[in-house]
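Chemist: Dropping the structure in here first, questions after.
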Amino acid sequence: MMTCLWCNEQNVKEMKHTVYWELPAGDRAIIILETPSLHCENCQMVYQDDQFVEGIEDQLMLIDTSKLPSQISYQELMSRPRWLKRNYFR
């Protein structure tokens, strides 16, 4: 059972959620649908695990974001072809 990062209760469930993400250039934000998320039934917080946040941020650094629509599914975003194999800035 997972523990909530906000209230430390063990009532967290995995779910898919819509998130809003600022692009690395800071020029606009996009909506990412069906993003793997965690929901705490105690405090009602919805958040993304660090591995998913890091994965999204890496992907956005490695793809041509100028061609992204304003709304995209998580799966479609993560399947976009990359310019580089990995984020060398980490």
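Every chain in the structure tokens takes a letter, A first, then B, and so on in the order presented; its residues are numbered from 1, and the ligands are numbered from 1 following the presented order.
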Using DSSP on the backbone coordinates, identify the residues of chain A assigned to strand (DSSP E); present them as a ChimeraX atom specification.
Modeler: /A:12-22,29-40,46-47,71-73
Chemist: Using only N, CA, C and O atoms, please write the residues we just selected to a file, as a compact mmCIF listing (two decimals), in the first residue's frame.
Modeler:
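The result, written out as out-v8.txt:
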```txt
# COMPACT_ATOMS: atom_id res chain seq x y z
N VAL A 12 -3.96 5.56 -0.82
CA VAL A 12 -3.65 6.12 -2.14
C VAL A 12 -3.97 5.09 -3.22
O VAL A 12 -3.62 3.92 -3.11
N LYS A 13 -4.62 5.56 -4.27
CA LYS A 13 -4.97 4.69 -5.39
C LYS A 13 -4.39 5.27 -6.68
O LYS A 13 -4.32 6.47 -6.85
N GLU A 14 -3.99 4.37 -7.58
CA GLU A 14 -3.53 4.78 -8.89
C GLU A 14 -4.72 5.09 -9.78
O GLU A 14 -5.75 4.42 -9.69
N MET A 15 -4.59 6.11 -10.62
CA MET A 15 -5.65 6.51 -11.53
C MET A 15 -5.04 7.27 -12.70
O MET A 15 -3.85 7.54 -12.70
N LYS A 16 -5.85 7.61 -13.67
CA LYS A 16 -5.43 8.46 -14.79
C LYS A 16 -6.10 9.81 -14.59
O LYS A 16 -7.26 9.90 -14.17
N HIS A 17 -5.35 10.89 -14.87
CA HIS A 17 -5.86 12.22 -14.59
C HIS A 17 -5.37 13.18 -15.67
O HIS A 17 -4.33 12.97 -16.28
N THR A 18 -6.10 14.25 -15.90
CA THR A 18 -5.69 15.31 -16.81
C THR A 18 -4.79 16.27 -16.05
O THR A 18 -5.11 16.70 -14.95
N VAL A 19 -3.63 16.61 -16.67
CA VAL A 19 -2.70 17.54 -16.05
C VAL A 19 -2.37 18.66 -17.03
O VAL A 19 -2.55 18.52 -18.24
N TYR A 20 -1.89 19.76 -16.51
CA TYR A 20 -1.50 20.92 -17.30
C TYR A 20 0.01 21.10 -17.10
O TYR A 20 0.48 21.12 -15.97
N TRP A 21 0.74 21.21 -18.23
CA TRP A 21 2.20 21.19 -18.15
C TRP A 21 2.79 22.33 -18.95
O TRP A 21 2.48 22.52 -20.12
N GLU A 22 3.67 23.09 -18.31
CA GLU A 22 4.38 24.16 -19.01
C GLU A 22 5.53 23.54 -19.81
O GLU A 22 6.26 22.69 -19.29
N ALA A 29 1.65 26.28 -22.32
CA ALA A 29 1.36 25.06 -21.55
C ALA A 29 0.49 24.16 -22.41
O ALA A 29 -0.19 24.63 -23.33
N ILE A 30 0.53 22.87 -22.10
CA ILE A 30 -0.31 21.91 -22.81
C ILE A 30 -1.13 21.12 -21.79
O ILE A 30 -0.78 21.08 -20.60
N ILE A 31 -2.17 20.49 -22.27
CA ILE A 31 -3.00 19.61 -21.46
C ILE A 31 -2.60 18.18 -21.81
O ILE A 31 -2.57 17.82 -22.99
N ILE A 32 -2.27 17.40 -20.78
CA ILE A 32 -1.91 16.00 -21.00
C ILE A 32 -3.00 15.13 -20.39
O ILE A 32 -3.21 15.15 -19.17
N LEU A 33 -3.71 14.41 -21.24
CA LEU A 33 -4.83 13.57 -20.81
C LEU A 33 -4.35 12.20 -20.36
O LEU A 33 -3.33 11.71 -20.84
N GLU A 34 -5.09 11.58 -19.47
CA GLU A 34 -4.86 10.20 -19.03
C GLU A 34 -3.44 9.98 -18.50
O GLU A 34 -2.79 8.97 -18.79
N THR A 35 -2.97 10.92 -17.70
CA THR A 35 -1.63 10.84 -17.11
C THR A 35 -1.69 9.96 -15.87
O THR A 35 -2.56 10.16 -15.01
N PRO A 36 -0.77 8.99 -15.74
CA PRO A 36 -0.74 8.18 -14.52
C PRO A 36 -0.59 9.09 -13.30
O PRO A 36 0.31 9.93 -13.25
N SER A 37 -1.49 8.92 -12.36
CA SER A 37 -1.53 9.79 -11.18
C SER A 37 -1.86 8.98 -9.94
O SER A 37 -2.27 7.82 -10.03
N LEU A 38 -1.70 9.62 -8.81
CA LEU A 38 -2.06 9.03 -7.53
C LEU A 38 -3.13 9.89 -6.89
O LEU A 38 -3.07 11.12 -6.95
N HIS A 39 -4.12 9.24 -6.28
CA HIS A 39 -5.21 9.95 -5.62
C HIS A 39 -5.32 9.46 -4.18
O HIS A 39 -5.48 8.27 -3.93
N CYS A 40 -5.21 10.39 -3.24
CA CYS A 40 -5.36 10.05 -1.83
C CYS A 40 -6.82 10.23 -1.44
O CYS A 40 -7.37 11.33 -1.56
N VAL A 46 -4.48 14.89 -5.64
CA VAL A 46 -4.15 14.13 -6.84
C VAL A 46 -2.79 14.64 -7.29
O VAL A 46 -2.59 15.85 -7.45
N TYR A 47 -1.84 13.72 -7.49
CA TYR A 47 -0.49 14.11 -7.88
C TYR A 47 0.16 13.01 -8.68
O TYR A 47 -0.34 11.89 -8.76
N GLN A 71 -3.50 19.91 -26.66
CA GLN A 71 -4.01 18.79 -25.85
C GLN A 71 -3.52 17.49 -26.46
O GLN A 71 -3.62 17.29 -27.67
N ILE A 72 -2.99 16.60 -25.61
CA ILE A 72 -2.42 15.34 -26.07
C ILE A 72 -2.56 14.30 -24.97
O ILE A 72 -2.57 14.65 -23.78
N SER A 73 -2.68 13.03 -25.34
CA SER A 73 -2.73 11.99 -24.31
C SER A 73 -1.31 11.69 -23.83
O SER A 73 -0.34 11.89 -24.57
```
Chemist: Could you please write out, as an NGL selection string, every residue of chain A that DSSP assigns to alpha helix (DSSP H)?
Modeler: :A and (50-62 or 74-78)
Chemist: In Å, with one decimal, what is the gap from CA of Gln10 in chain A to CA of Glu57 in chain A?
Modeler: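 Distance reported for this atom pair: 27.4 Å.
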Chemist: At a cut-off of 8 Å, using only C-alpha atoms, what residues contact Met61 in chain A? Leave out same-chain residues fewer than 2 positions from it and give the result as a list in words.
Modeler: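 Contacts, in chain order: Pro24, Glu57, Asp58, Gln59, Ile63 and Asn87 of chain A.
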Chemist: Generate the output file for the selected residues, N, CA, C and O atoms, as an mmCIF file, in the first residue's frame.
Modeler:
```cif
data_model
loop_
_atom_site.group_PDB
_atom_site.id
_atom_site.type_symbol
_atom_site.label_atom_id
_atom_site.label_comp_id
_atom_site.auth_asym_id
_atom_site.auth_seq_id
_atom_site.Cartn_x
_atom_site.Cartn_y
_atom_site.Cartn_z
ATOM 1 N N PRO A 24 9.183 23.325 -21.710
ATOM 2 C CA PRO A 24 10.499 23.762 -21.227
ATOM 3 C C PRO A 24 10.870 25.192 -21.631
ATOM 4 O O PRO A 24 11.517 25.902 -20.860
ATOM 5 N N GLU A 57 9.024 15.385 -18.149
ATOM 6 C CA GLU A 57 9.979 16.481 -18.335
ATOM 7 C C GLU A 57 11.090 16.086 -19.300
ATOM 8 O O GLU A 57 11.476 16.886 -20.159
ATOM 9 N N ASP A 58 11.590 14.865 -19.179
ATOM 10 C CA ASP A 58 12.620 14.394 -20.111
ATOM 11 C C ASP A 58 12.076 14.356 -21.535
ATOM 12 O O ASP A 58 12.736 14.815 -22.472
ATOM 13 N N GLN A 59 10.888 13.798 -21.701
ATOM 14 C CA GLN A 59 10.299 13.694 -23.038
ATOM 15 C C GLN A 59 10.129 15.075 -23.657
ATOM 16 O O GLN A 59 10.429 15.270 -24.837
ATOM 17 N N ILE A 63 11.899 16.179 -27.486
ATOM 18 C CA ILE A 63 11.067 16.152 -28.697
ATOM 19 C C ILE A 63 10.893 17.568 -29.234
ATOM 20 O O ILE A 63 11.214 18.553 -28.563
ATOM 21 N N ASN A 87 18.138 12.555 -21.861
ATOM 22 C CA ASN A 87 18.340 13.931 -21.406
ATOM 23 C C ASN A 87 19.726 14.028 -20.779
ATOM 24 O O ASN A 87 19.941 13.581 -19.661
#
```
Chemist: Restricting the calculation to only C-alpha atoms, which member of A:Cys7, A:Met2, A:Cys43, A:Leu68 is positioned closest to Arg28 in chain A?
Modeler: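 Nearest candidate to Arg28 in chain A out of A:Cys7, A:Met2, A:Cys43, A:Leu68: A:Leu68.
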Chemist: Rounded to one decimal in Å, what is the spacing between CA of Glu41 in chain A and CA of Glu76 in chain A?
Modeler: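 That distance, rounded to one decimal, is 28.5 Å.
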Chemist: Choose the residue, out of A:Ile56, A:Met45, A:Met78, A:Ala25, that has the smallest atom-to-atom separation from Asn8 in chain A; count only C-alpha atoms.
Modeler: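 Under the stated criterion, the closest residue is A:Met45.
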